[in-house]
>>> print(open('target-v3.cif').read())   # mmCIF, C-alpha atoms and all ligand atoms
data_query
#
loop_
_atom_site.label_atom_id
_atom_site.label_comp_id
_atom_site.auth_asym_id
_atom_site.auth_seq_id
_atom_site.Cartn_x
_atom_site.Cartn_y
_atom_site.Cartn_z
CA MET C 1 -53.25 20.73 14.75
CA LEU C 2 -53.19 17.19 13.42
CA ASP C 3 -52.60 18.57 9.93
CA PHE C 4 -49.60 20.54 11.12
CA LYS C 5 -48.15 17.42 12.79
CA LYS C 6 -48.72 15.33 9.65
CA ARG C 7 -47.07 17.95 7.46
CA HIS C 8 -44.13 18.12 9.85
CA ILE C 9 -43.67 14.32 9.84
CA PHE C 10 -43.98 14.26 6.06
CA ARG C 11 -41.32 16.97 5.67
CA LEU C 12 -39.04 15.15 8.10
CA ALA C 13 -39.44 11.91 6.14
CA ILE C 14 -38.65 13.67 2.85
CA SER C 15 -35.51 15.30 4.23
CA CYS C 16 -34.36 11.97 5.72
CA LEU C 17 -34.86 10.30 2.36
CA ALA C 18 -32.93 13.07 0.61
CA LEU C 19 -30.10 12.76 3.12
CA CYS C 20 -29.98 8.98 2.73
CA LEU C 21 -29.94 9.29 -1.04
CA SER C 22 -27.20 11.92 -0.97
CA LEU C 23 -25.11 9.81 1.43
CA ASP C 24 -25.54 6.84 -0.84
CA CYS C 25 -24.46 8.94 -3.83
CA ALA C 26 -21.48 10.29 -1.90
CA SER C 27 -20.46 6.83 -0.84
CA ALA C 28 -20.51 5.51 -4.39
CA GLN C 29 -18.84 8.48 -6.00
CA THR C 30 -15.27 7.21 -6.52
CA LEU C 31 -16.20 4.00 -8.33
CA ALA C 32 -18.69 5.89 -10.50
CA ALA C 33 -16.07 8.56 -11.33
CA VAL C 34 -13.44 5.94 -12.16
CA LYS C 35 -15.85 4.02 -14.41
CA GLU C 36 -16.94 7.22 -16.12
CA ARG C 37 -13.32 8.34 -16.67
CA GLY C 38 -12.32 4.90 -17.92
CA THR C 39 -9.05 4.88 -15.99
CA LEU C 40 -7.89 4.58 -12.40
CA ASN C 41 -5.64 7.34 -11.03
CA CYS C 42 -3.19 5.58 -8.79
CA GLY C 43 -0.59 7.39 -6.66
CA VAL C 44 2.80 5.65 -6.52
CA SER C 45 6.31 6.64 -5.43
CA GLN C 46 8.59 8.53 -7.74
CA GLY C 47 10.78 5.54 -8.29
CA LEU C 48 11.65 2.70 -6.00
CA PRO C 49 12.94 -0.44 -7.77
CA GLY C 50 10.71 -3.43 -7.11
CA PHE C 51 7.88 -1.28 -5.75
CA SER C 52 7.19 1.37 -8.37
CA ASP C 53 9.64 1.81 -11.16
CA LYS C 54 9.21 3.62 -14.46
CA ALA C 55 11.20 2.20 -17.38
CA GLU C 56 12.51 4.40 -20.19
CA SER C 57 9.69 3.05 -22.34
CA GLY C 58 7.31 4.71 -19.87
CA ASP C 59 6.06 1.37 -18.49
CA TRP C 60 5.63 1.11 -14.74
CA THR C 61 6.46 -2.08 -12.84
CA GLY C 62 6.56 -3.09 -9.20
CA PHE C 63 4.71 -4.39 -6.19
CA ASP C 64 2.77 -1.16 -5.53
CA VAL C 65 2.18 -0.72 -9.26
CA ASP C 66 0.75 -4.25 -9.56
CA PHE C 67 -1.78 -3.46 -6.89
CA CYS C 68 -3.02 -0.51 -9.01
CA ARG C 69 -3.20 -2.87 -12.00
CA ALA C 70 -5.17 -5.43 -9.97
CA VAL C 71 -7.76 -2.74 -9.15
CA ALA C 72 -7.98 -1.67 -12.80
CA ALA C 73 -8.33 -5.30 -13.88
CA ALA C 74 -11.10 -5.91 -11.33
CA ILE C 75 -13.01 -2.84 -12.54
CA PHE C 76 -12.30 -2.76 -16.28
CA ASP C 77 -10.94 -6.24 -16.98
CA ASP C 78 -7.91 -4.37 -18.27
CA PRO C 79 -4.81 -3.87 -16.08
CA ALA C 80 -3.54 -1.18 -18.44
CA LYS C 81 -6.30 1.25 -17.55
CA VAL C 82 -4.24 3.01 -14.90
CA VAL C 83 -2.73 6.47 -14.88
CA PHE C 84 0.24 6.34 -12.52
CA VAL C 85 0.78 9.54 -10.56
CA PRO C 86 4.29 9.67 -9.05
CA LEU C 87 4.24 11.41 -5.66
CA ASP C 88 6.88 12.32 -3.12
CA ALA C 89 6.41 11.69 0.58
CA ASN C 90 5.20 15.23 1.27
CA THR C 91 2.49 15.46 -1.37
CA ARG C 92 1.09 11.92 -1.37
CA PHE C 93 -1.74 12.44 1.12
CA SER C 94 -2.87 15.83 -0.19
CA ALA C 95 -3.08 14.25 -3.67
CA LEU C 96 -5.68 11.90 -2.23
CA GLN C 97 -7.54 14.65 -0.38
CA SER C 98 -7.71 16.84 -3.48
CA ASN C 99 -9.06 14.02 -5.69
CA LYS C 100 -5.93 13.99 -7.84
CA ILE C 101 -5.77 10.24 -7.27
CA ASP C 102 -8.38 7.58 -6.44
CA VAL C 103 -6.07 5.41 -4.41
CA LEU C 104 -2.58 5.74 -2.99
CA SER C 105 -0.39 2.66 -3.43
CA ARG C 106 2.94 4.06 -2.35
CA ASN C 107 4.92 2.45 0.47
CA SER C 108 2.84 4.35 3.00
CA THR C 109 2.66 3.36 6.63
CA TRP C 110 -0.71 2.91 8.28
CA THR C 111 -0.69 5.01 11.46
CA MET C 112 -3.45 6.26 13.71
CA SER C 113 -2.65 9.95 13.16
CA ARG C 114 -2.69 9.60 9.38
CA GLU C 115 -6.22 8.25 9.54
CA ASN C 116 -7.47 10.62 12.19
CA SER C 117 -5.90 13.89 11.11
CA LEU C 118 -5.60 13.50 7.34
CA GLY C 119 -9.05 12.14 6.52
CA LEU C 120 -7.67 8.87 5.13
CA LEU C 121 -8.35 5.20 5.61
CA PHE C 122 -5.86 2.42 5.04
CA ALA C 123 -7.54 -0.49 3.33
CA GLY C 124 -5.22 -3.25 4.52
CA VAL C 125 -1.59 -4.21 4.89
CA ALA C 126 0.00 -5.16 1.62
CA TYR C 127 3.53 -5.33 3.04
CA TYR C 128 4.74 -5.60 6.63
CA ASP C 129 7.89 -3.49 6.84
CA GLY C 130 10.00 -1.89 9.56
CA GLN C 131 12.52 0.93 9.77
CA GLY C 132 16.22 0.12 9.58
CA PHE C 133 19.65 1.67 9.06
CA LEU C 134 22.23 1.53 6.30
CA VAL C 135 25.89 2.43 6.88
CA ARG C 136 29.06 2.27 4.84
CA ARG C 137 30.93 -0.93 5.60
CA ASP C 138 34.18 1.00 6.16
CA THR C 139 32.71 2.76 9.22
CA GLY C 140 33.10 -0.49 11.14
CA ILE C 141 29.63 0.05 12.67
CA ASP C 142 27.71 -3.17 13.06
CA THR C 143 24.90 -2.30 15.44
CA ALA C 144 22.51 0.63 15.66
CA LEU C 145 23.62 1.09 19.26
CA GLN C 146 26.87 2.58 17.89
CA LEU C 147 25.02 5.38 16.08
CA GLY C 148 25.12 8.00 18.87
CA ASP C 149 26.59 11.30 17.59
CA LYS C 150 26.49 10.10 13.96
CA THR C 151 24.56 12.15 11.40
CA VAL C 152 21.48 10.34 10.11
CA CYS C 153 19.93 11.15 6.71
CA THR C 154 16.13 10.97 6.58
CA GLN C 155 13.37 12.12 4.26
CA THR C 156 10.81 14.71 5.34
CA GLY C 157 7.13 13.81 5.35
CA THR C 158 7.79 10.24 6.46
CA THR C 159 7.34 8.27 9.65
CA THR C 160 11.10 7.90 10.06
CA GLU C 161 11.94 10.96 12.17
CA LEU C 162 9.60 10.21 15.06
CA ASN C 163 10.84 6.61 15.19
CA LEU C 164 14.42 7.87 15.19
CA ASN C 165 13.77 10.24 18.09
CA ASP C 166 12.08 7.46 20.05
CA TYR C 167 14.90 4.98 19.40
CA PHE C 168 17.77 7.36 20.14
CA GLY C 169 15.94 8.65 23.24
CA ALA C 170 15.29 5.13 24.56
CA ASN C 171 18.96 4.23 24.11
CA ASP C 172 20.33 7.50 25.47
CA MET C 173 22.12 8.39 22.25
CA LYS C 174 22.58 11.88 20.83
CA LEU C 175 20.74 12.28 17.54
CA LYS C 176 21.89 14.44 14.62
CA VAL C 177 19.47 14.48 11.71
CA LEU C 178 19.89 15.68 8.14
CA ALA C 179 16.35 15.67 6.70
CA MET C 180 16.05 15.91 2.91
CA GLY C 181 12.99 16.57 0.75
CA THR C 182 13.34 13.58 -1.55
CA ALA C 183 14.81 10.10 -1.47
CA GLU C 184 17.24 11.13 -4.20
CA GLU C 185 18.54 14.10 -2.18
CA SER C 186 18.93 11.88 0.84
CA LEU C 187 20.94 9.36 -1.18
CA ARG C 188 23.10 12.12 -2.66
CA ALA C 189 23.83 13.53 0.80
CA TYR C 190 24.85 10.06 1.99
CA ASP C 191 26.97 9.52 -1.11
CA ALA C 192 28.74 12.84 -0.49
CA ARG C 193 29.35 11.68 3.11
CA ARG C 194 27.26 14.50 4.55
CA CYS C 195 25.70 11.84 6.76
CA ASP C 196 27.14 8.61 8.16
CA VAL C 197 23.95 6.62 8.13
CA ARG C 198 20.63 6.50 6.34
CA THR C 199 17.37 5.40 7.81
CA ARG C 200 14.20 4.26 6.01
CA ASP C 201 11.96 1.26 5.62
CA VAL C 202 14.14 -1.85 5.28
CA SER C 203 12.46 -2.85 1.99
CA GLN C 204 13.72 0.39 0.50
CA PHE C 205 17.33 -0.51 1.24
CA TYR C 206 16.86 -3.72 -0.71
CA ALA C 207 15.37 -1.61 -3.49
CA GLU C 208 18.22 0.84 -3.42
CA ARG C 209 20.93 -1.80 -3.29
CA VAL C 210 20.19 -2.61 -6.92
CA ILE C 211 21.10 0.95 -7.96
CA LEU C 212 24.04 1.67 -5.65
CA SER C 213 27.36 1.66 -7.51
CA THR C 214 29.04 -0.48 -4.82
CA PRO C 215 26.24 -2.42 -3.12
CA ASP C 216 28.70 -4.48 -1.09
CA GLY C 217 30.24 -1.33 0.35
CA HIS C 218 27.18 -0.84 2.59
CA ILE C 219 25.48 -2.92 5.23
CA ILE C 220 21.96 -2.97 6.62
CA LEU C 221 22.25 -3.02 10.43
CA PRO C 222 20.38 -5.83 12.18
CA GLU C 223 18.01 -3.60 14.22
CA VAL C 224 14.49 -2.95 12.98
CA ILE C 225 13.22 -0.09 15.13
CA SER C 226 9.56 0.29 14.18
CA LYS C 227 6.46 -1.31 12.71
CA GLU C 228 5.76 -0.01 9.21
CA PRO C 229 2.61 -1.71 7.91
CA LEU C 230 2.40 -0.47 4.32
CA GLY C 231 -0.82 -0.51 2.37
CA PRO C 232 -3.16 1.28 0.00
CA ALA C 233 -5.02 4.32 1.32
CA VAL C 234 -8.24 6.01 0.24
CA ARG C 235 -10.16 9.15 1.23
CA GLN C 236 -12.67 8.91 4.04
CA GLY C 237 -16.37 9.26 3.18
CA ASP C 238 -16.71 6.64 0.48
CA ASP C 239 -17.34 3.33 2.17
CA ARG C 240 -18.00 1.42 -1.03
CA TRP C 241 -14.67 2.43 -2.54
CA PHE C 242 -12.87 1.70 0.71
CA ASN C 243 -14.46 -1.75 0.75
CA LEU C 244 -13.60 -2.41 -2.85
CA ILE C 245 -9.92 -1.59 -2.33
CA LYS C 246 -9.83 -3.57 0.91
CA TRP C 247 -11.35 -6.69 -0.68
CA ILE C 248 -9.03 -6.53 -3.65
CA VAL C 249 -6.09 -6.73 -1.22
CA TYR C 250 -7.79 -9.64 0.52
CA SER C 251 -8.77 -11.43 -2.67
CA LEU C 252 -5.12 -11.55 -3.76
CA ILE C 253 -4.04 -12.96 -0.39
CA ASN C 254 -6.95 -15.44 -0.31
CA ALA C 255 -6.08 -16.52 -3.85
CA GLU C 256 -2.58 -17.42 -2.72
CA GLU C 257 -3.89 -19.28 0.30
CA LEU C 258 -6.28 -21.26 -1.92
CA GLY C 259 -3.55 -22.03 -4.46
CA VAL C 260 -5.27 -20.00 -7.18
CA LYS C 261 -2.65 -18.53 -9.54
CA SER C 262 -2.65 -16.60 -12.80
CA THR C 263 -1.68 -19.84 -14.53
CA THR C 264 -4.36 -21.97 -12.87
CA ILE C 265 -7.23 -19.52 -12.85
CA GLU C 266 -9.19 -21.31 -15.58
CA ASP C 267 -9.02 -24.59 -13.60
CA ALA C 268 -10.07 -22.72 -10.46
CA MET C 269 -13.30 -21.79 -12.20
CA LYS C 270 -14.15 -25.49 -12.43
CA SER C 271 -13.20 -26.22 -8.82
CA SER C 272 -15.58 -27.93 -6.40
CA ASN C 273 -13.95 -26.26 -3.37
CA PRO C 274 -16.59 -23.80 -2.08
CA ASN C 275 -13.96 -21.27 -0.97
CA ILE C 276 -12.46 -21.22 -4.46
CA ARG C 277 -15.92 -21.11 -6.06
CA ARG C 278 -16.80 -18.01 -4.01
CA LEU C 279 -13.45 -16.35 -4.79
CA VAL C 280 -13.86 -16.83 -8.52
CA GLY C 281 -17.54 -15.82 -8.50
CA ILE C 282 -19.09 -19.14 -9.49
CA GLU C 283 -20.98 -19.05 -6.20
CA GLY C 284 -22.44 -15.93 -4.55
CA GLU C 285 -22.71 -12.34 -5.68
CA PHE C 286 -19.62 -10.97 -3.99
CA GLY C 287 -18.42 -8.95 -6.98
CA GLU C 288 -21.82 -7.43 -7.65
CA GLN C 289 -22.06 -6.39 -4.03
CA LEU C 290 -18.85 -4.41 -4.58
CA GLY C 291 -20.31 -2.70 -7.64
CA LEU C 292 -18.26 -4.93 -9.97
CA THR C 293 -18.92 -8.18 -11.81
CA ASN C 294 -18.79 -11.50 -9.97
CA ASP C 295 -15.53 -12.45 -11.70
CA TRP C 296 -13.75 -9.40 -10.19
CA ALA C 297 -11.08 -11.49 -8.42
CA VAL C 298 -10.53 -13.70 -11.49
CA ARG C 299 -9.80 -10.56 -13.50
CA ALA C 300 -7.31 -9.32 -10.92
CA VAL C 301 -5.48 -12.63 -10.48
CA ARG C 302 -5.40 -13.32 -14.21
CA ALA C 303 -3.80 -9.92 -14.79
CA VAL C 304 -1.20 -9.74 -12.03
CA GLY C 305 -1.25 -13.05 -10.17
CA ASN C 306 -2.07 -13.76 -6.55
CA TYR C 307 -0.32 -12.05 -3.62
CA GLY C 308 2.58 -14.52 -3.63
CA GLU C 309 3.11 -14.16 -7.38
CA ILE C 310 3.13 -10.37 -7.08
CA TYR C 311 5.59 -10.56 -4.21
CA GLU C 312 7.97 -13.04 -5.86
CA ARG C 313 7.98 -11.34 -9.26
CA ASN C 314 8.75 -7.87 -7.91
CA VAL C 315 10.65 -8.15 -4.66
CA GLY C 316 10.98 -11.85 -3.72
CA THR C 317 14.00 -14.10 -3.72
CA GLN C 318 13.59 -14.78 -7.46
CA SER C 319 13.75 -11.02 -8.20
CA ARG C 320 16.76 -8.72 -8.20
CA LEU C 321 15.74 -7.32 -4.79
CA SER C 322 15.70 -10.79 -3.26
CA ILE C 323 13.73 -9.99 -0.09
CA PRO C 324 12.75 -13.12 1.85
CA ARG C 325 8.99 -13.41 2.54
CA GLY C 326 9.53 -13.08 6.31
CA LEU C 327 6.47 -11.50 7.95
CA ASN C 328 4.83 -11.29 4.54
CA ALA C 329 4.52 -15.05 4.23
CA LEU C 330 0.98 -16.35 4.70
CA TRP C 331 -0.12 -17.13 8.25
CA THR C 332 -0.16 -20.79 7.22
CA GLN C 333 3.53 -20.59 6.30
CA GLY C 334 5.04 -18.82 9.30
CA GLY C 335 4.19 -15.24 8.34
CA ILE C 336 1.38 -12.89 9.35
CA GLN C 337 -0.42 -12.29 6.03
CA TYR C 338 -3.98 -13.27 6.84
CA ALA C 339 -7.08 -12.28 4.89
CA PRO C 340 -10.66 -12.43 6.15
CA PRO C 341 -12.69 -14.99 4.22
CA ILE C 342 -14.82 -14.36 1.16
CA ARG C 343 -18.18 -15.72 2.28
N1 LIG X 1 6.70 4.15 5.06
C1 LIG X 1 7.16 5.45 5.43
C2 LIG X 1 8.25 5.98 4.48
C3 LIG X 1 7.74 6.15 3.10
C4 LIG X 1 8.62 7.02 2.19
O1 LIG X 1 8.15 7.93 1.52
N2 LIG X 1 9.91 6.75 2.16
C5 LIG X 1 10.79 7.52 1.33
C6 LIG X 1 12.20 7.23 1.69
S1 LIG X 1 12.54 7.41 3.42
C7 LIG X 1 10.54 7.18 -0.13
O2 LIG X 1 10.06 6.12 -0.45
N3 LIG X 1 10.82 8.07 -1.01
C8 LIG X 1 10.60 7.83 -2.42
C9 LIG X 1 9.99 9.02 -3.06
O3 LIG X 1 9.94 10.10 -2.43
O4 LIG X 1 9.50 8.86 -4.19
C10 LIG X 1 6.00 6.43 5.46
O5 LIG X 1 4.89 6.08 5.07
O6 LIG X 1 6.21 7.57 5.89
#
>>> encode(input="target-v3.cif", output="structure tokens", more="lines below")
Ligand SMILES: N[C@@H](CCC(=O)N[C@@H](CS)C(=O)NCC(=O)O)C(=O)O
Amino acid sequence: MLDFKKRHIFRLAISCLALCLSLDCASAQTLAAVKERGTLNCGVSQGLPGFSDKAESGDWTGFDVDFCRAVAAAIFDDPAKVVFVPLDANTRFSALQSNKIDVLSRNSTWTMSRENSLGLLFAGVAYYDGQGFLVRRDTGIDTALQLGDKTVCTQTGTTTELNLNDYFGANDMKLKVLAMGTAEESLRAYDARRCDVRTRDVSQFYAERVILSTPDGHIILPEVISKEPLGPAVRQGDDRWFNLIKWIVYSLINAEELGVKSTTIEDAMKSSNPNIRRLVGIEGEFGEQLGLTNDWAVRAVRAVGNYGEIYERNVGTQSRLSIPRGLNALWTQGGIQYAPPIR
């Protein structure tokens, strides 16, 4: 009897151990696969100036693109080790689910249903956005409250339609939607006057203004009708990878808050400020705990700069998009960008 009990407990212990080991393997699988492959597969949009833009030379630039490069730099110490996978709104999440990409860095809004029904996790908010409207100046429309009965161009697979329904419903306006499959089709429909107004994340209007033939012929209406917190997303089931992506977002924001820039990174490594010392890996084992080296954040900041540098270079007031920092300023400067501490 005792023997039977002992055998049973032994078998139970072995199967628990096997389960723990397999969970640990599963949770470390993305980083191991990326290291083994030697490149990061990063999902980006098909082309949005300032966010993810492919030049004729084949080089990608932009805010979302730089985040992919920061991850590659943190892992490989080489920001070039990224394969950019351009994805439209409809295929972006399935690309993550089917392992086609390791991380999605593509103007994607963090919503509850996306996490709970698509098996995803958003690792942080890289850009606080909101949905707005663009109209032709000659329509004379200057507030969204005049949009009743107008035809609105949207893109399928995005958060925009639900927000539109809510907004028009709340303001008792009749909604007519023309939903297109891609951003390009939506723009073409608007250009051909098949719709009177376009709706999308406000940042995208700034992006598009640089390619419109008559940018001054259009105005962005003052209303922002939704919260669109945009950030990188990963698959569920790999906590270590999720953590790694999350802390790369936070390391870039913390670097800005601590005044650590691409140009001052070498000085930062001699700093006596304990917060800076932990960020740059002189103190603590924060990088190793992520499965990287302790200079993980140094590598990222050296390659692409801190959060503020990434913002200004790609979309900020010094760039052709010229988007003010607004909500994306640090919490210490009137915005809401706030990163948990590295300690
Ligand atoms: N943030 C919204 C919208 C994102 C989105 O895909 N927007 C469209 C325009 S409304 C876009 O960027 N299209 C570019 C493309 O398809 O490559 C979401 O996550 O659903």
>>> closest_atom_pairs(input="target-v3.cif", of="chain C", to="ligand LIG 1 (chain X)", cutoff="9 Å", atoms="only C-alpha atoms and all ligand atoms", output="Markdown table")
| residue | atom | partner | partner_atom | distance |
| --- | --- | --- | --- | --- |
| C:Val44 | CA | X:LIG1 | O4 | 7.8 |
| C:Ser45 | CA | X:LIG1 | O4 | 4.1 |
| C:Gln46 | CA | X:LIG1 | O4 | 3.7 |
| C:Gly47 | CA | X:LIG1 | O4 | 5.4 |
| C:Leu48 | CA | X:LIG1 | C8 | 6.3 |
| C:Ser52 | CA | X:LIG1 | O4 | 8.9 |
| C:Pro86 | CA | X:LIG1 | O4 | 7.2 |
| C:Leu87 | CA | X:LIG1 | O4 | 6.0 |
| C:Asp88 | CA | X:LIG1 | O3 | 3.8 |
| C:Ala89 | CA | X:LIG1 | O1 | 4.2 |
| C:Asn90 | CA | X:LIG1 | O1 | 7.9 |
| C:Arg92 | CA | X:LIG1 | O1 | 8.6 |
| C:Arg106 | CA | X:LIG1 | O1 | 7.6 |
| C:Asn107 | CA | X:LIG1 | N1 | 5.2 |
| C:Ser108 | CA | X:LIG1 | O5 | 3.4 |
| C:Thr109 | CA | X:LIG1 | O5 | 3.8 |
| C:Trp110 | CA | X:LIG1 | O5 | 7.2 |
| C:Thr111 | CA | X:LIG1 | O5 | 8.6 |
| C:Asp129 | CA | X:LIG1 | N1 | 7.9 |
| C:Gly130 | CA | X:LIG1 | N1 | 8.2 |
| C:Gln131 | CA | X:LIG1 | N1 | 8.2 |
| C:Cys153 | CA | X:LIG1 | S1 | 8.9 |
| C:Thr154 | CA | X:LIG1 | S1 | 6.0 |
| C:Gln155 | CA | X:LIG1 | S1 | 4.9 |
| C:Thr156 | CA | X:LIG1 | S1 | 7.7 |
| C:Gly157 | CA | X:LIG1 | O6 | 6.3 |
| C:Thr158 | CA | X:LIG1 | O6 | 3.2 |
| C:Thr159 | CA | X:LIG1 | O6 | 4.0 |
| C:Thr160 | CA | X:LIG1 | O6 | 6.4 |
| C:Gly181 | CA | X:LIG1 | O3 | 7.8 |
| C:Thr182 | CA | X:LIG1 | O3 | 4.9 |
| C:Ala183 | CA | X:LIG1 | N3 | 4.5 |
| C:Glu184 | CA | X:LIG1 | O3 | 7.6 |
| C:Ser186 | CA | X:LIG1 | S1 | 8.2 |
| C:Arg198 | CA | X:LIG1 | S1 | 8.6 |
| C:Thr199 | CA | X:LIG1 | S1 | 6.8 |
| C:Arg200 | CA | X:LIG1 | S1 | 4.4 |
| C:Asp201 | CA | X:LIG1 | N1 | 6.0 |
| C:Gln204 | CA | X:LIG1 | O2 | 6.9 |
| C:Glu228 | CA | X:LIG1 | N1 | 6.0 |
| C:Pro229 | CA | X:LIG1 | N1 | 7.7 |
| C:Leu230 | CA | X:LIG1 | N1 | 6.4 |
>>> write_last_selection(input="target-v3.cif", atoms="C-alpha atoms", output="PDB file, in the frame of the given file")
ATOM      1  CA  VAL C  44       2.800   5.650  -6.520  1.00  0.00           C
ATOM      2  CA  SER C  45       6.310   6.640  -5.430  1.00  0.00           C
ATOM      3  CA  GLN C  46       8.590   8.530  -7.740  1.00  0.00           C
ATOM      4  CA  GLY C  47      10.780   5.540  -8.290  1.00  0.00           C
ATOM      5  CA  LEU C  48      11.650   2.700  -6.000  1.00  0.00           C
ATOM      6  CA  SER C  52       7.190   1.370  -8.370  1.00  0.00           C
ATOM      7  CA  PRO C  86       4.290   9.670  -9.050  1.00  0.00           C
ATOM      8  CA  LEU C  87       4.240  11.410  -5.660  1.00  0.00           C
ATOM      9  CA  ASP C  88       6.880  12.320  -3.120  1.00  0.00           C
ATOM     10  CA  ALA C  89       6.410  11.690   0.580  1.00  0.00           C
ATOM     11  CA  ASN C  90       5.200  15.230   1.270  1.00  0.00           C
ATOM     12  CA  ARG C  92       1.090  11.920  -1.370  1.00  0.00           C
ATOM     13  CA  ARG C 106       2.940   4.060  -2.350  1.00  0.00           C
ATOM     14  CA  ASN C 107       4.920   2.450   0.470  1.00  0.00           C
ATOM     15  CA  SER C 108       2.840   4.350   3.000  1.00  0.00           C
ATOM     16  CA  THR C 109       2.660   3.360   6.630  1.00  0.00           C
ATOM     17  CA  TRP C 110      -0.710   2.910   8.280  1.00  0.00           C
ATOM     18  CA  THR C 111      -0.690   5.010  11.460  1.00  0.00           C
ATOM     19  CA  ASP C 129       7.890  -3.490   6.840  1.00  0.00           C
ATOM     20  CA  GLY C 130      10.000  -1.890   9.560  1.00  0.00           C
ATOM     21  CA  GLN C 131      12.520   0.930   9.770  1.00  0.00           C
ATOM     22  CA  CYS C 153      19.930  11.150   6.710  1.00  0.00           C
ATOM     23  CA  THR C 154      16.130  10.970   6.580  1.00  0.00           C
ATOM     24  CA  GLN C 155      13.370  12.120   4.260  1.00  0.00           C
ATOM     25  CA  THR C 156      10.810  14.710   5.340  1.00  0.00           C
ATOM     26  CA  GLY C 157       7.130  13.810   5.350  1.00  0.00           C
ATOM     27  CA  THR C 158       7.790  10.240   6.460  1.00  0.00           C
ATOM     28  CA  THR C 159       7.340   8.270   9.650  1.00  0.00           C
ATOM     29  CA  THR C 160      11.100   7.900  10.060  1.00  0.00           C
ATOM     30  CA  GLY C 181      12.990  16.570   0.750  1.00  0.00           C
ATOM     31  CA  THR C 182      13.340  13.580  -1.550  1.00  0.00           C
ATOM     32  CA  ALA C 183      14.810  10.100  -1.470  1.00  0.00           C
ATOM     33  CA  GLU C 184      17.240  11.130  -4.200  1.00  0.00           C
ATOM     34  CA  SER C 186      18.930  11.880   0.840  1.00  0.00           C
ATOM     35  CA  ARG C 198      20.630   6.500   6.340  1.00  0.00           C
ATOM     36  CA  THR C 199      17.370   5.400   7.810  1.00  0.00           C
ATOM     37  CA  ARG C 200      14.200   4.260   6.010  1.00  0.00           C
ATOM     38  CA  ASP C 201      11.960   1.260   5.620  1.00  0.00           C
ATOM     39  CA  GLN C 204      13.720   0.390   0.500  1.00  0.00           C
ATOM     40  CA  GLU C 228       5.760  -0.010   9.210  1.00  0.00           C
ATOM     41  CA  PRO C 229       2.610  -1.710   7.910  1.00  0.00           C
ATOM     42  CA  LEU C 230       2.400  -0.470   4.320  1.00  0.00           C
TER      43      LEU C 230
END
>>> closest_atom_pairs(input="target-v3.cif", of="segment 95-200 of chain C", to="segment 239-245 of chain C", cutoff="10 Å", atoms="only C-alpha atoms", output="JSON lines")
{"residue": "C:Asp102", "atom": "CA", "partner": "C:Trp241", "partner_atom": "CA", "distance": 9.0}
{"residue": "C:Val103", "atom": "CA", "partner": "C:Ile245", "partner_atom": "CA", "distance": 8.3}
{"residue": "C:Leu120", "atom": "CA", "partner": "C:Phe242", "partner_atom": "CA", "distance": 9.9}
{"residue": "C:Leu121", "atom": "CA", "partner": "C:Phe242", "partner_atom": "CA", "distance": 7.5}
{"residue": "C:Phe122", "atom": "CA", "partner": "C:Phe242", "partner_atom": "CA", "distance": 8.3}
{"residue": "C:Ala123", "atom": "CA", "partner": "C:Ile245", "partner_atom": "CA", "distance": 6.2}
{"residue": "C:Gly124", "atom": "CA", "partner": "C:Ile245", "partner_atom": "CA", "distance": 8.5}
>>> write_last_selection(input="target-v3.cif", atoms="C-alpha atoms", output="PDB file, in the coordinates of the input")
ATOM      1  CA  ASP C 102      -8.380   7.580  -6.440  1.00  0.00           C
ATOM      2  CA  VAL C 103      -6.070   5.410  -4.410  1.00  0.00           C
ATOM      3  CA  LEU C 120      -7.670   8.870   5.130  1.00  0.00           C
ATOM      4  CA  LEU C 121      -8.350   5.200   5.610  1.00  0.00           C
ATOM      5  CA  PHE C 122      -5.860   2.420   5.040  1.00  0.00           C
ATOM      6  CA  ALA C 123      -7.540  -0.490   3.330  1.00  0.00           C
ATOM      7  CA  GLY C 124      -5.220  -3.250   4.520  1.00  0.00           C
TER       8      GLY C 124
END
>>> closest_residue(input="target-v3.cif", among="C:Lys227, C:Arg209, C:Arg194, C:Arg302", to="Ser262 of chain C", atoms="only C-alpha atoms")
C:Arg302
>>> atom_distance(input="target-v3.cif", atom1="atom CA of Ser94 of chain C", atom2="atom CA of Val152 of chain C")
27.0 Å
>>> atom_distance(input="target-v3.cif", atom1="atom CA of Arg299 of chain C", atom2="atom CA of Ile265 of chain C")
9.3 Å
>>> atom_distance(input="target-v3.cif", atom1="atom CA of Val304 of chain C", atom2="atom CA of Pro79 of chain C")
8.0 Å
>>> closest_residue(input="target-v3.cif", among="C:Arg235, C:Arg137, C:Lys270, C:Arg313", to="Pro215 of chain C", atoms="all atoms listed in the file")
C:Arg137
>>> axis_aligned_box(input="target-v3.cif", around="segment 48-65 of chain C", padding_each_side="3 Å", output="AutoDock Vina command-line options")
--center_x 7.6 --center_y 0.2 --center_z -13.9 --size_x 16.8 --size_y 15.1 --size_z 22.8
>>> residues_near_point(input="target-v3.cif", point="(-4.9, -21.6, 2.2)", cutoff="10 Å", atoms="all atoms listed in the file", output="list in words")
Ile253, Asn254, Ala255, Glu256, Glu257, Leu258, Gly259, Val260, Asn275, Leu330, Trp331, Thr332, Gln333, Tyr338 and Ala339 of chain C
>>> closest_residue(input="target-v3.cif", among="C:Ala126, C:Ile336, C:Ala144, C:Val34", to="Ile219 of chain C", atoms="all atoms listed in the file")
C:Ala144
>>> closest_residue(input="target-v3.cif", among="C:Asp138, C:Asn165, C:Gly305, C:Val234", to="Gly119 of chain C", atoms="all atoms listed in the file")
C:Val234
>>> residues_around(input="target-v3.cif", residues="Asp77 of chain C", least_positions_apart="2", cutoff="10 Å", atoms="only C-alpha atoms", output="number ranges by chain")
C: 69-75, 79-81, 293, 295-296, 298-300, 302-303
